[in-house]
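*Asks:* My questions all concern the structure below.
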Amino acid sequence: MRIAVLAGDGIGPEIVAEALKVLERLGRDGLKFEFEHAPVGGAAVDAHGDPLPAATLEVARRADAVLFGAVGGPKYDALPRPQRPEQGLLRLRKDLGLFANLRPAVIYPELAAASTLKPEVVAGLDLLIVRELTGDIYFGQPRGIRRLDNGEREGFDTMRYSESEIRRIAHVAFRAARKRQRRVCSVDKANVLETTQLWREVVTEVGREYPDVELTHMYVDNAAMQLLKQPKQFDVIVTGNMFGDILSDEASMLTGSIGMLPSASLDANGKGLYEPIHGSAPDIAGRGVANPLATILSAAMMLRYSLNQEAAARRIEAAISKVLAQGLRTADIALPGEAKVGTKEMGDAVVSAL
Ligand code: IPM
Ligand code: MG
């Protein structure tokens, strides 16, 4: 199994190193991995002046799956847009056709108290956000900042979705729901935005092909509220790129920490890029305190969705449950007064639990 390893910036290299330790441990039990490292994001800007050098894209293309850390940092914020580290990730998603972003928000019983919400609100939470990842206002043209006749500047972006883009992500959501509680909630802003009026129509049409799955619709503002009020009402949430970006950060905090949430970004054939949903956390980079669990869980998703190694995926997830039950906590999931471990210790603990 050939894995492209794109560690990126900030805490990216630290957390990816722990996920690789875990995969290497599985390698000792017979799984054969070949890792190919390549620069992306700010690291690639520094080395090659481009956040996604052609050689990196090539490494990602020929791999069976991509393990991704994080990109971005204050050092790069002033660069022109094409050279911003985030563009490396966005182009990778677009060029590889990774339109389906799966972001599970599952709470470990041991962390129910680490959430800022009351434990009874979040205990038992298991929801899946299916975020469309290659369309919407993220990629819509035209976009830019222009000078108006009156001399002032105007910024503009275009929200757009074609029917086929909506259709294919809806299918992903309904198929995922069939493996869960068979409920899909489609989130839009159909009361205001034409794009999402079409979204609602197309998702409803696709839903007729899945009579065994319950489909509901919710406006995004209400969804943001319901996620805090009664998050356990959701099974699968399907939504566009922009709303999914926002709601998945919100959902992550239900689980105690954004440092716990993995993600899979899949193409039509199951090839995928796997990354934690958090960013490069420049404020703690290089200090060895970042939580590597979201990245290790992303490696588990990689085994499950792209490499057809369900048993190995479960082994990793069980090992993580075990270390949490043993009381290991990185700073982001520790309660006041609880002892904290660093990035490496957490990775080592998962490896020994394996
Ligand atoms: C995410 C991130 C990215 C996004 C950034 C880094 C471009 O926030 O994966 O959620 O907006 O999609
Ligand atoms: Mg985001």
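Labels for the structure tokens follow display order: chains A, B, ..., residues from 1 in each chain, ligands from 1.
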Give me, as a list in words, the set of residues whose atoms come within 10 Å of any atom of ligand 2, counting only C-alpha atoms and all ligand atoms.

*Replies:*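 The neighbouring residues of ligand 2 are, in order, Asn241, Met242, Phe243, Gly244, Asp245, Ile246, Leu247, Ser248, Asp249, Glu250, Ile277, His278 and Gly279 of chain A.
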
*Asks:* Please identify the strand (DSSP E) residues within region 47-277 of chain A (assignment by DSSP from backbone atoms) and present them as a ChimeraX atom specification.

*Replies:* /A:65-70,100-106,126-132,144-147,153-156,183-188,214-219,236-239,262-266,272-276

*Asks:* Go through A:Val122, A:Ala70, A:Leu23, A:Ala105 one by one, measure the shortest atom-to-atom distance of each to ligand 1 using only C-alpha atoms and all ligand atoms, and give the residue with the smallest value.

*Replies:*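 Using only C-alpha atoms and all ligand atoms, ligand 1 sits closest to A:Ala70.
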
*Asks:* Apply DSSP to the structure's backbone, then extract all residues of region 77-157 of chain A labelled helix (DSSP H, G or I) and return them as a list in words.

*Replies:*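 Here is the list: Arg81, Pro82, Gln83, Pro85, Glu86, Gln87, Gly88, Leu89, Leu90, Arg91, Leu92, Arg93, Lys94, Asp95, Pro109, Glu110, Leu111, Ala112, Ala113, Ala114, Pro119, Glu120, Val121, Val122, Asp136, Ile137 and Tyr138 of chain A.
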
*Asks:* Take CA of Ala78 (chain A) and CA of Val45 (chain A) and report the distance between them in Å, one decimal.

*Replies:*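 Computing the Euclidean distance for CA of Ala78 (chain A) and CA of Val45 (chain A) yields 12.8 Å.
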
*Asks:* Fewer than 2 positions away in the same chain doesn't count, so skip those; otherwise give me all residues within 7 Å of region 125-132 of chain A, counting only C-alpha atoms, as an MDAnalysis selection string.

*Replies:* chainID A and resid 99:107 122:123 134:135 169 173 232 234:241 244 248

*Asks:* Rounded to one decimal, what separation in Å do you get between CA of Lys229 (chain A) and CA of Ala176 (chain A)?

*Replies:*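 Straight-line distance from CA of Lys229 (chain A) to CA of Ala176 (chain A) works out to 24.2 Å.
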
*Asks:* Tell me, counting only C-alpha atoms, for each residue of region 124-175 of chain A within 8 Å of region 184-200 of chain A, which pair of atoms is nearest and how far apart they are in Å to one decimal, in rows ordered by chain and increasing number, as a tab-separated table.

*Replies:*
residue	atom	partner	partner_atom	distance
A:Met159	CA	A:Thr195	CA	6.9
A:Arg160	CA	A:Thr195	CA	5.8
A:Tyr161	CA	A:Thr195	CA	6.2
A:Glu163	CA	A:Leu198	CA	7.5
A:Ile166	CA	A:Trp199	CA	6.2
A:Ala173	CA	A:Val184	CA	7.0
A:Phe174	CA	A:Val184	CA	6.7

*Asks:* Go through A:Ala281, A:Ala339, A:Val350, A:Ala312 and flag the residue nearest ligand 1, using only C-alpha atoms and all ligand atoms for the distances.

*Replies:*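 Nearest candidate to ligand 1 out of A:Ala281, A:Ala339, A:Val350, A:Ala312: A:Ala281.
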